[in-house]
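**Student:** Sharing a structure below in structure tokens format, with a few things to ask.
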Amino acid sequence: MDIKKTYSISELAKEFDVTTRSVRFYEDQGLLHPTRRGQTRIFSSKDRVRLKLILRGKRMGFSLSETKELFDLWDETLSGNEKQLLLMLNTLANKRAQLEQQKNDIAQAEMEMDTAEARCREALAELQKKKLQQAKAEKEEPVEQK
């Protein structure tokens with residue numbers, strides 16, 4: 001396997017199902033660092049891994065600035081360090097707490113919807129019952145003759 005494999009912007013975009021514009025945006029944000037051959041961007045295996053991590057981070061709720069901060073710490077040491085790992089653990093704990101809050105909020109919203117739905121169904125049933133009684137009463141009323 002060739003470790004020095006390079007990728008075009010189109011290849012990365014296709015592989016990760018993103019637009020080339022997104023890849024350029026990540027480059028503009030300082031998250032990817034392709035070399036240039038004229039106007040052509042040449043992405044390294046490191047850029048490919050970074051793009052994969054960026055997209056994984058997005059799915060986990062990481063902002064691009066949080067991802068950049070982690071990348072910058074990693075770049076300082078080439079192999080990561082205690083500061084980076086502690087930051088990552090702290091960030092993960094914060095994301096987990098946010099997700100728990102969102103789950104609680106969703107559960108609360110579902111309970112409120114269930115209550116509203118039950119009230120609507122009761123009101124509808126009552127209206128339909130009154131309508132049926134009214135129709136029955138009108139049928140039973142004697143017809144006035146002139």
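Each chain in the structure tokens gets a letter, A, B, ..., in the order shown, and its residues are numbered from 1; ligands are numbered from 1 in order too.
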Pull the strand (DSSP E) assignments for stretch 20-137 of chain A out of DSSP run on the backbone, and list those residues as a list of chain:residue names.
**Tutor:** A:Thr35, A:Arg36, A:Arg37, A:Thr40, A:Arg41, A:Ile42
**Student:** Find the residues near A:Ile42: any atom within 12 Å, counting only C-alpha atoms, skip ones fewer than 5 places away on the same chain, and give them as a ChimeraX atom specification.
**Tutor:** /A:4-12,23-24,27,32-37,47-48
**Student:** Looking at only C-alpha atoms, which of A:Leu64, A:Ala123, A:Ala107, A:Leu99 is the one that sits closest to A:Gln29?
**Tutor:**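 Checking each candidate against A:Gln29, we get A:Leu64 as the closest.
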**Student:** Have a look at A:Ser44, A:Leu92, A:Leu87, A:Trp74 and name the one nearest to A:Gly57; count only C-alpha atoms.
**Tutor:**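 Closest to A:Gly57, using only C-alpha atoms: A:Leu92.
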**Student:** Between A:Ser65, A:Asp72, A:Gln128, A:Met113, which is the closest to A:Thr91 once you count only C-alpha atoms?
**Tutor:**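 Among the listed residues, the smallest separation from A:Thr91 belongs to A:Ser65.
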**Student:** Kindly give the distance, in Å, that separates atom CA of A:Thr67 and atom CA of A:Leu31, rounded to a single decimal.
**Tutor:** 8.1 Å
**Student:** Interatomic distance between atom CA of A:Met88 and atom CA of A:Leu70?
**Tutor:**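 Between these atoms lies a distance of 7.3 Å.
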**Student:** Between A:Arg121, A:Lys95, A:Arg41, A:Arg21, which residue has the minimum interatomic distance to A:Gly61, considering only C-alpha atoms?
**Tutor:** A:Lys95
